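Enquirer: Structure file query-v3.cif (mmCIF, C-alpha atoms) is given on the next line.
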```cif
data_run
#
loop_
_atom_site.label_atom_id
_atom_site.label_comp_id
_atom_site.auth_asym_id
_atom_site.auth_seq_id
_atom_site.Cartn_x
_atom_site.Cartn_y
_atom_site.Cartn_z
CA GLN A 1 42.06 219.58 271.50
CA ASN A 2 42.06 219.67 275.30
CA ALA A 3 38.27 219.48 275.27
CA VAL A 4 38.37 216.43 273.01
CA SER A 5 40.96 214.79 275.24
CA GLY A 6 38.89 215.55 278.30
CA MET A 7 35.81 214.08 276.68
CA GLN A 8 37.73 210.90 275.78
CA GLN A 9 38.93 210.57 279.35
CA ALA A 10 35.38 211.10 280.58
CA MET A 11 34.04 208.43 278.25
CA ALA A 12 36.75 206.01 279.33
CA MET A 13 35.96 206.71 282.97
CA LEU A 14 32.24 206.25 282.33
CA SER A 15 32.95 202.90 280.67
CA GLN A 16 34.93 201.80 283.71
CA LEU A 17 32.16 202.96 286.06
CA ASP A 18 29.56 201.11 283.99
CA ASP A 19 31.65 197.95 284.24
CA ALA A 20 32.05 198.45 287.98
CA ALA A 21 28.31 199.05 288.47
CA TYR A 22 27.48 195.96 286.41
CA THR A 23 29.89 193.87 288.49
CA LEU A 24 28.32 195.18 291.68
CA ARG A 25 24.85 194.31 290.39
CA LYS A 26 25.98 190.77 289.60
CA GLN A 27 27.58 190.41 293.03
CA ALA A 28 24.52 191.80 294.80
CA LYS A 29 22.21 189.46 292.90
CA ASN A 30 24.40 186.47 293.78
CA VAL A 31 24.55 187.34 297.48
CA SER A 32 20.79 187.94 297.53
CA GLY A 33 20.16 184.52 296.00
CA GLN A 34 22.57 182.79 298.37
CA LEU A 35 20.90 184.35 301.41
CA ALA A 36 17.39 183.59 300.17
CA LEU A 37 18.33 179.97 299.50
CA GLY A 38 20.05 179.72 302.86
CA ALA A 39 16.98 181.06 304.67
CA GLN A 40 14.68 178.64 302.85
CA THR A 41 16.94 175.70 303.64
CA MET A 42 16.98 176.70 307.30
CA LEU A 43 13.18 176.97 307.32
CA ILE A 44 12.84 173.41 305.98
CA THR A 45 15.39 172.25 308.54
CA ILE A 46 13.28 173.72 311.34
CA LYS A 47 10.32 171.69 310.11
CA ASN A 48 12.45 168.56 309.73
CA LEU A 49 13.81 168.94 313.24
CA GLY A 50 10.18 168.99 314.35
CA CYS A 51 9.74 165.54 312.74
CA THR A 52 12.86 164.33 314.50
CA LYS A 53 11.51 165.61 317.80
CA GLU A 54 8.19 163.80 317.30
CA ASN A 55 10.07 160.62 316.45
CA LEU A 56 12.08 160.89 319.65
CA GLN A 57 8.91 161.51 321.63
CA VAL A 58 7.48 158.25 320.28
CA THR A 59 10.61 156.49 321.49
CA LEU A 60 10.29 158.27 324.84
CA THR A 61 6.72 157.01 325.20
CA GLN A 62 7.91 153.47 324.46
CA LEU A 63 10.62 153.75 327.09
CA ASP A 64 8.09 155.02 329.64
CA ARG A 65 5.92 151.98 328.98
CA ASN A 66 8.89 149.66 329.27
CA LEU A 67 9.97 151.34 332.49
CA ALA A 68 6.55 150.75 334.02
CA VAL A 69 6.91 147.04 333.25
CA LEU A 70 10.49 146.93 334.50
CA LYS A 71 9.56 148.63 337.78
CA THR A 72 6.93 145.98 338.39
CA GLN A 73 9.43 143.28 337.58
CA ARG A 74 11.95 144.87 339.91
CA LYS A 75 9.47 144.86 342.79
CA ARG A 76 8.95 141.16 342.24
CA GLY A 77 12.67 140.50 342.13
CA MET A 78 12.60 139.40 338.49
CA ILE A 79 15.35 141.84 337.42
CA GLY A 80 18.21 143.65 339.09
CA GLN A 81 18.40 147.36 339.98
CA LEU A 82 21.19 147.88 337.45
CA GLN A 83 18.97 146.87 334.54
CA LEU A 84 16.26 149.25 335.71
CA ASP A 85 18.74 152.10 336.23
CA THR A 86 20.20 151.56 332.75
CA VAL A 87 16.82 151.99 331.04
CA GLN A 88 15.97 154.94 333.29
CA ASN A 89 19.24 156.60 332.31
CA GLN A 90 18.45 156.04 328.63
CA ARG A 91 15.07 157.63 329.16
CA ASP A 92 16.53 160.68 330.91
CA LYS A 93 19.15 161.22 328.20
CA LEU A 94 16.49 160.97 325.51
CA ALA A 95 14.37 163.58 327.29
CA GLN A 96 17.40 165.89 327.40
CA SER A 97 17.98 165.33 323.69
CA ILE A 98 14.41 166.36 322.95
CA ASP A 99 14.88 169.58 324.93
CA THR A 100 18.15 170.27 323.12
CA LEU A 101 16.46 169.67 319.78
CA GLU A 102 13.75 172.19 320.57
CA THR A 103 16.40 174.73 321.57
CA THR A 104 18.15 174.16 318.24
CA ARG A 105 14.88 174.76 316.39
CA GLU A 106 14.31 178.02 318.24
CA ASN A 107 17.89 179.15 317.58
CA LEU A 108 17.46 178.48 313.87
CA GLY A 109 14.15 180.34 313.98
CA SER A 110 15.91 183.32 315.55
CA SER A 111 18.62 183.22 312.88
CA VAL A 112 16.00 183.21 310.13
CA ALA A 113 14.26 186.13 311.83
CA LEU A 114 17.47 188.16 311.81
CA MET A 115 17.98 187.35 308.14
CA CYS A 116 14.48 188.69 307.53
CA GLY A 117 15.29 191.93 309.34
CA LEU A 118 12.89 191.11 312.16
CA ASP A 119 13.36 191.77 315.86
CA ALA A 120 16.20 189.73 317.35
CA ASN A 121 13.86 188.05 319.83
CA THR A 122 11.43 186.97 317.10
CA ILE A 123 11.32 183.29 316.18
CA VAL A 124 10.34 182.37 312.63
CA MET A 125 8.60 179.03 312.17
CA PRO A 126 7.50 177.45 308.90
CA ALA A 127 3.95 177.75 307.64
CA ASP A 128 2.59 175.07 305.32
CA PHE A 129 4.74 174.57 302.24
CA GLU A 130 3.40 174.29 298.71
CA THR A 131 2.99 170.71 297.56
CA LEU A 132 5.80 169.23 295.50
CA TYR A 133 4.17 167.18 292.75
CA GLU A 134 5.61 164.27 290.81
CA GLY A 135 5.12 166.32 287.66
CA ASN A 136 7.66 168.87 288.92
CA LEU A 137 10.23 166.11 289.34
CA ASP A 138 9.43 164.53 285.98
CA LYS A 139 10.20 167.83 284.23
CA MET A 140 13.81 167.80 285.42
CA SER A 141 16.15 167.66 282.41
CA TYR A 142 19.82 167.26 283.30
CA ASN A 143 21.44 168.63 280.13
CA LYS A 144 18.99 171.48 279.61
CA ASP A 145 19.03 172.51 283.26
CA LEU A 146 22.84 172.24 283.49
CA GLU A 147 23.16 174.56 280.51
CA GLN A 148 20.90 177.06 282.25
CA ALA A 149 22.88 176.75 285.49
CA GLN A 150 26.16 177.41 283.67
CA LYS A 151 24.67 180.39 281.87
CA ASN A 152 23.46 181.93 285.14
CA SER A 153 26.45 180.99 287.30
CA PHE A 154 28.03 183.99 288.99
CA LEU A 155 31.25 182.03 289.55
CA ILE A 156 31.65 181.28 285.84
CA TRP A 157 30.80 184.86 284.89
CA GLN A 158 33.32 186.15 287.44
CA LYS A 159 36.11 183.99 285.98
CA GLN A 160 35.10 184.92 282.43
CA ASP A 161 35.34 188.58 283.39
CA ALA A 162 38.79 187.93 284.84
CA VAL A 163 39.86 186.36 281.51
CA ARG A 164 38.54 189.39 279.62
CA SER A 165 40.41 191.72 281.94
CA ALA A 166 43.60 189.69 281.56
CA TYR A 167 43.39 189.85 277.77
CA ASN A 168 42.78 193.60 277.90
CA SER A 169 46.01 193.97 279.87
CA TYR A 170 47.97 191.52 277.74
CA ASP A 171 51.09 192.79 276.01
CA LYS A 172 53.70 190.39 274.68
CA ASN A 173 56.37 192.95 275.55
CA ILE A 174 55.33 193.18 279.19
CA SER A 175 56.51 190.41 281.48
CA GLY A 176 53.83 188.48 283.35
CA THR A 177 50.82 189.41 281.23
CA ALA A 178 50.88 186.12 279.29
CA GLU A 179 51.04 184.19 282.55
CA ALA A 180 48.12 186.24 283.88
CA VAL A 181 46.02 185.24 280.87
CA LYS A 182 46.93 181.57 281.32
CA SER A 183 46.13 181.72 285.04
CA ALA A 184 42.74 183.35 284.37
CA GLU A 185 41.87 180.74 281.75
CA ASP A 186 42.82 177.89 284.13
CA ALA A 187 40.67 179.45 286.84
CA LEU A 188 37.75 179.63 284.40
CA SER A 189 38.14 175.96 283.48
CA ALA A 190 38.24 175.02 287.16
CA ALA A 191 35.13 177.11 287.84
CA LYS A 192 33.22 175.39 285.04
CA GLU A 193 34.20 171.97 286.38
CA SER A 194 33.18 173.03 289.88
CA VAL A 195 29.74 174.17 288.72
CA VAL A 196 29.18 170.94 286.77
CA ALA A 197 30.22 168.85 289.78
CA ALA A 198 27.98 170.83 292.17
CA PHE A 199 25.03 170.66 289.79
CA ASP A 200 25.58 166.94 289.24
CA SER A 201 25.57 166.38 293.00
CA THR A 202 22.36 168.40 293.39
CA TYR A 203 20.66 166.49 290.57
CA LYS A 204 21.63 163.10 292.03
CA THR A 205 20.52 164.17 295.49
CA VAL A 206 17.01 164.86 294.17
CA LYS A 207 16.94 161.41 292.56
CA ASP A 208 18.20 159.73 295.75
CA CYS A 209 15.67 161.55 297.91
CA ARG A 210 12.85 160.63 295.53
CA THR A 211 13.82 156.96 295.76
CA THR A 212 14.03 157.14 299.54
CA LEU A 213 10.60 158.77 299.79
CA ALA A 214 9.08 155.96 297.72
CA ALA A 215 10.68 153.39 300.03
CA LYS A 216 9.40 155.19 303.15
CA ARG A 217 5.89 155.29 301.73
CA THR A 218 6.05 151.56 301.06
CA ALA A 219 7.21 151.02 304.65
CA GLN A 220 4.29 153.12 305.90
CA SER A 221 1.81 151.03 303.94
CA GLN A 222 3.30 147.87 305.41
CA ALA A 223 3.17 149.29 308.94
CA GLU A 224 -0.51 150.16 308.47
CA LEU A 225 -1.25 146.62 307.27
CA ASP A 226 0.63 145.23 310.27
CA LEU A 227 -1.43 147.45 312.58
CA LYS A 228 -4.67 146.12 311.10
CA THR A 229 -3.47 142.59 311.76
CA ALA A 230 -2.34 143.53 315.27
CA THR A 231 -5.72 145.14 315.98
CA VAL A 232 -7.57 141.94 315.12
CA LYS A 233 -5.16 139.84 317.19
CA TYR A 234 -5.41 142.18 320.17
CA ARG A 235 -9.21 142.09 320.14
CA LYS A 236 -9.06 138.31 320.11
CA GLY A 237 -6.55 138.28 322.96
CA ILE A 238 -3.79 136.73 320.85
CA ILE A 239 -1.26 139.51 321.53
CA SER A 240 -0.63 141.74 324.52
CA LYS A 241 -1.55 145.39 324.85
CA LEU A 242 2.15 146.25 324.74
CA ALA A 243 2.57 144.49 321.38
CA TYR A 244 -0.50 146.31 320.05
CA GLN A 245 0.87 149.66 321.21
CA GLN A 246 4.17 148.87 319.51
CA ALA A 247 2.30 148.32 316.24
CA GLN A 248 0.63 151.71 316.69
CA ASP A 249 4.00 153.31 317.35
CA ALA A 250 5.39 151.70 314.19
CA VAL A 251 2.70 153.42 312.11
CA THR A 252 3.36 156.77 313.78
CA THR A 253 7.10 156.42 313.18
CA ALA A 254 6.54 155.36 309.57
CA LYS A 255 4.39 158.45 308.94
CA LEU A 256 7.04 160.70 310.46
CA ASN A 257 9.70 159.01 308.34
CA VAL A 258 7.63 159.72 305.22
CA GLU A 259 7.24 163.37 306.20
CA SER A 260 10.96 163.66 306.89
CA ALA A 261 11.85 162.02 303.57
CA TYR A 262 9.44 164.37 301.80
CA LEU A 263 11.11 167.38 303.42
CA SER A 264 14.51 166.09 302.35
CA LEU A 265 13.23 165.82 298.79
CA TYR A 266 11.71 169.29 299.10
CA THR A 267 15.08 170.66 300.19
CA ALA A 268 16.95 168.94 297.38
CA TYR A 269 14.47 170.07 294.72
CA ASN A 270 14.50 173.64 295.99
CA GLN A 271 18.30 173.68 295.80
CA TYR A 272 18.06 172.23 292.29
CA GLU A 273 15.73 175.02 291.20
CA TRP A 274 18.12 177.60 292.64
CA ALA A 275 21.03 175.85 290.92
CA LYS A 276 19.35 176.48 287.58
CA GLU A 277 19.38 180.16 288.47
CA GLY A 278 23.12 179.97 289.10
CA VAL A 279 22.90 179.80 292.90
CA LEU A 280 24.68 176.74 294.25
CA ILE A 281 25.39 175.92 297.90
CA THR A 282 27.65 172.90 298.06
CA THR A 283 27.72 171.16 301.44
CA ALA A 284 29.13 167.93 302.73
CA ALA A 285 25.55 166.82 303.27
CA ALA A 286 24.73 167.33 299.62
CA SER A 287 27.30 164.79 298.50
CA GLN A 288 26.31 162.04 300.91
CA LYS A 289 24.60 158.98 299.51
CA GLY A 290 22.26 156.47 301.05
CA GLU A 291 18.96 156.74 302.86
CA ASN A 292 19.93 159.09 305.67
CA ASN A 293 18.24 162.05 304.00
CA MET A 294 16.89 163.47 307.25
CA LYS A 295 20.41 164.06 308.55
CA ARG A 296 21.39 165.35 305.11
CA THR A 297 18.65 167.98 305.22
CA ILE A 298 19.45 168.98 308.79
CA ALA A 299 23.14 169.27 307.93
CA ALA A 300 22.29 171.39 304.90
CA GLY A 301 20.20 173.70 307.06
CA LEU A 302 22.91 174.07 309.69
CA SER A 303 25.48 174.70 306.95
CA ALA A 304 23.19 177.36 305.54
CA ALA A 305 22.97 178.91 309.00
CA LEU A 306 26.76 179.10 309.16
CA LEU A 307 26.96 180.46 305.62
CA CYS A 308 24.40 183.16 306.32
CA GLY A 309 25.72 183.96 309.78
CA MET A 310 27.32 187.14 308.48
CA VAL A 311 23.94 188.89 308.58
CA VAL A 312 23.35 188.29 312.29
CA PRO A 313 25.98 190.65 313.76
CA ALA A 314 25.08 193.30 311.22
CA PHE A 315 21.47 193.45 312.35
CA ALA A 316 22.02 192.83 316.06
CA ALA A 317 22.68 196.51 316.70
CA ASP A 318 19.20 197.39 315.46
CA THR A 319 17.42 195.12 317.94
CA LYS A 320 14.60 196.73 319.91
CA THR A 321 15.31 196.63 323.64
CA ALA A 322 13.63 197.76 326.85
CA THR A 323 14.82 198.53 330.36
CA ASN A 324 13.29 196.80 333.36
CA THR A 325 12.98 198.06 336.94
CA THR A 326 16.40 196.67 337.89
CA GLY A 327 18.09 198.83 335.29
CA THR A 328 19.23 195.96 333.06
CA THR A 329 18.46 195.90 329.37
CA GLN A 330 16.23 193.10 328.14
CA THR A 331 14.77 192.16 324.77
CA GLN A 332 11.00 192.35 324.55
CA PRO A 333 9.49 188.89 323.86
CA THR A 334 7.83 188.56 320.47
CA ALA A 335 5.31 185.96 319.33
CA PRO A 336 6.56 183.39 316.76
CA VAL A 337 6.07 184.40 313.14
CA LYS A 338 5.04 181.79 310.57
CA LEU A 339 6.24 182.36 307.02
CA THR A 340 5.54 180.55 303.79
CA PHE A 341 8.37 179.74 301.41
CA ASP A 342 7.61 182.58 299.00
CA LYS A 343 6.96 185.10 301.77
CA LEU A 344 10.28 184.20 303.38
CA GLU A 345 12.21 184.88 300.17
CA GLU A 346 10.35 188.17 299.67
CA THR A 347 11.03 189.28 303.25
CA VAL A 348 14.73 188.39 303.09
CA ARG A 349 15.23 190.24 299.79
CA GLN A 350 13.42 193.33 301.09
CA ASN A 351 14.68 193.56 304.67
CA ASN A 352 17.98 191.72 304.98
CA VAL A 353 20.61 194.21 306.07
CA THR A 354 23.37 192.77 303.86
CA ILE A 355 21.17 192.78 300.77
CA LYS A 356 20.03 196.36 301.44
CA ALA A 357 23.64 197.50 301.90
CA ASN A 358 24.63 195.86 298.60
CA ASN A 359 21.68 197.43 296.80
CA ASN A 360 22.61 200.87 298.14
CA THR A 361 26.17 200.37 296.92
CA VAL A 362 24.88 199.50 293.46
CA LEU A 363 22.60 202.54 293.39
CA SER A 364 25.47 204.77 294.46
CA ALA A 365 27.70 203.40 291.69
CA GLU A 366 24.97 203.82 289.07
CA LYS A 367 24.42 207.48 290.03
CA THR A 368 28.10 208.39 289.71
CA ASP A 369 28.66 210.61 286.64
CA VAL A 370 32.09 212.07 285.96
CA SER A 371 31.42 213.41 282.47
CA ASP A 372 30.39 216.92 283.54
CA GLN A 373 33.43 217.48 285.73
CA TYR A 374 35.75 216.58 282.83
CA ILE A 375 33.87 218.76 280.35
CA GLU A 376 33.85 221.75 282.70
CA SER A 377 37.61 221.42 283.17
CA TYR A 378 38.28 222.27 279.52
#
```
So, in terms of structure tokens, how does the structure I just supplied come out?

Expert:
Amino acid sequence: QNAVSGMQQAMAMLSQLDDAAYTLRKQAKNVSGQLALGAQTMLITIKNLGCTKENLQVTLTQLDRNLAVLKTQRKRGMIGQLQLDTVQNQRDKLAQSIDTLETTRENLGSSVALMCGLDANTIVMPADFETLYEGNLDKMSYNKDLEQAQKNSFLIWQKQDAVRSAYNSYDKNISGTAEAVKSAEDALSAAKESVVAAFDSTYKTVKDCRTTLAAKRTAQSQAELDLKTATVKYRKGIISKLAYQQAQDAVTTAKLNVESAYLSLYTAYNQYEWAKEGVLITTAAASQKGENNMKRTIAAGLSAALLCGMVVPAFAADTKTATNTTGTTQTQPTAPVKLTFDKLEETVRQNNVTIKANNNTVLSAEKTDVSDQYIESY
């Protein structure tokens, strides 16, 4: 009888351990997806910040041309010193902004490198992304994809598991158990609504970004037509060289705006694909409407950096360092590493310190076997 009782206890314990291991696997998978998505969003943001930098450099070039004209006018007494100083100050501030932007890109690149388990002084920069085709966007199906997102949602599963646990503990004769069931069910309903709202926002963001990209491409076509007209007029001496250069700048800016809008769409679509897998990152940027998709993408990337910041301190202790002749410790410089989208996800899943720790925890839980110790006790 004692042996039978011991076996029953062992089986019950094994069932609990199986549940615990399964929960750990679900949690580890969710964290892995969140970190991979965060890293990808940051990588796109680095590329988008590069577009922003180029745009600012176009503006800087325009200001330099204007300054040259203003300096000539100042020498001839046509304008006052204050007007010249004002434009010069604008130019200097813009140059500082460009430097700050590049520093931000490098900082994001370092954060991505740490997420990938690379040396702390390594900077990850984006390689060429795969092309996002119209056919990919046309295949989006709200109802079908929402159903898939709900099925794969870790949040919904977590709340469903809490409801199951509450019902297992329910006893009408025990105070508080009925309230626990009700609370768990309310939390599940709230989770489902949250997932639907987040998915809806992601779906609409893709549509908004697609519309914006079409508008930017139209603007680029118009700018190119205007440049052709300006070229003819300039050759005939109808317009000045400055006006012609402005038309050239307009085309350059339009092209950069198209690239930025494309990257915003790329970000939104990538988040949509992850949403179908149950991985949703809701940010303030994701809910914004209008045409400012560049800022939306940048905000999403910075939010992802904050979200994934937990991996940076964890890996910092493993950074390779060297000692110089003065006795101070310095990090060895490392050449920038360019990663594709798929390679980035693979590297994060394989080398990220948080993901590896979670996987080790899961393996440890799966190897735990208490059946023998119960059997040998009886």

Enquirer: Give as an mmCIF file with C-alpha atoms, in the coordinates of the input the set of residues within 8 Å of the point (8.3, 156.9, 314.3), where distances use the file's coordinates and all atoms listed in the file.

Expert:
```cif
data_model
loop_
_atom_site.group_PDB
_atom_site.id
_atom_site.type_symbol
_atom_site.label_atom_id
_atom_site.label_comp_id
_atom_site.auth_asym_id
_atom_site.auth_seq_id
_atom_site.Cartn_x
_atom_site.Cartn_y
_atom_site.Cartn_z
ATOM 1 C CA GLU A 54 8.190 163.800 317.300
ATOM 2 C CA ASN A 55 10.070 160.620 316.450
ATOM 3 C CA LEU A 56 12.080 160.890 319.650
ATOM 4 C CA VAL A 58 7.480 158.250 320.280
ATOM 5 C CA THR A 59 10.610 156.490 321.490
ATOM 6 C CA ASP A 249 4.000 153.310 317.350
ATOM 7 C CA ALA A 250 5.390 151.700 314.190
ATOM 8 C CA VAL A 251 2.700 153.420 312.110
ATOM 9 C CA THR A 252 3.360 156.770 313.780
ATOM 10 C CA THR A 253 7.100 156.420 313.180
ATOM 11 C CA ALA A 254 6.540 155.360 309.570
ATOM 12 C CA LYS A 255 4.390 158.450 308.940
ATOM 13 C CA LEU A 256 7.040 160.700 310.460
ATOM 14 C CA ASN A 257 9.700 159.010 308.340
#
```

Enquirer: Which residues come within 10 Å of Asp128 (chain A), counting only C-alpha atoms, excluding same-chain residues fewer than 2 positions away, as a PyMOL selection string?

Expert: chain A and resi 47+125-126+130-131+338-341

Enquirer: To test your reading of the syntax: which residues would the PyMOL selection byres ((chain A and resi 347-351) around 7) return for the file shown? Reply as a compact mmCIF listing (two decimals) with C-alpha atoms, keeping the file's coordinate frame.

Expert:
```
# COMPACT_ATOMS: atom_id res chain seq x y z
CA SER A 32 20.79 187.94 297.53
CA ALA A 36 17.39 183.59 300.17
CA MET A 115 17.98 187.35 308.14
CA CYS A 116 14.48 188.69 307.53
CA GLY A 117 15.29 191.93 309.34
CA LYS A 343 6.96 185.10 301.77
CA LEU A 344 10.28 184.20 303.38
CA GLU A 345 12.21 184.88 300.17
CA GLU A 346 10.35 188.17 299.67
CA ASN A 352 17.98 191.72 304.98
CA VAL A 353 20.61 194.21 306.07
CA ILE A 355 21.17 192.78 300.77
CA LYS A 356 20.03 196.36 301.44
```

Enquirer: If we count all atoms listed in the file and set the cut-off at 9 Å, which residues sit around region 137-141 of chain A, ignoring sequence neighbours fewer than 6 positions away in its own chain? Please answer as a list in words.

Expert: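 With the cut-off at 9 Å, the set is Tyr203, Val206, Lys207, Arg210 and Tyr269 of chain A.
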
Enquirer: Could you list the residues chosen by the PyMOL selection byres ((chain A and resi 64-73) around 12) in this structure as a VMD selection string?

Expert: chain A and resid 57 to 63 74 to 92 94 to 95 241 to 243 245 to 246 249

Enquirer: I'd like the box whose edges run along x, y and z of the file and which contains every listed atom of region 215-218 of chain A, padded by 6 Å per side; could you state its centre and edge lengths in Å, one decimal, as JSON?

Expert:
```
{"center_x": 8.3, "center_y": 153.4, "center_z": 301.6, "size_x": 16.8, "size_y": 15.7, "size_z": 15.1}
```

Enquirer: Please list as a VMD selection string every residue within 9 Å of Tyr167 (chain A), counting all atoms listed in the file and excluding residues in the same chain fewer than 6 positions away.

Expert: chain A and resid 177 to 178 180 to 181

Enquirer: Quick one: of A:Glu277, A:Glu134, A:Asp200, A:Asp19, who's nearest to Lys151 (chain A), counting only C-alpha atoms?

Expert: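 Looking only at the distances to Lys151 (chain A), the closest residue turns out to be A:Glu277.
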
Enquirer: I'd like the interatomic distance between CA of Thr361 (chain A) and CA of Phe154 (chain A), to a tenth of an Å.

Expert: 18.3 Å

Enquirer: Take CA of Asp186 (chain A) and CA of Arg25 (chain A) and report the distance between them in Å, one decimal.

Expert: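 Separation between CA of Asp186 (chain A) and CA of Arg25 (chain A): 25.1 Å.
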
Enquirer: By how many Å are CA of Ala190 (chain A) and CA of Lys26 (chain A) apart?

Expert: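 According to the coordinates, CA of Ala190 (chain A) and CA of Lys26 (chain A) are separated by 20.1 Å.
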
Enquirer: If you apply the PyMOL selection byres ((chain A and resi 260) around 12) to this file, what residues do you get, as a count of residues only?

Expert: 40
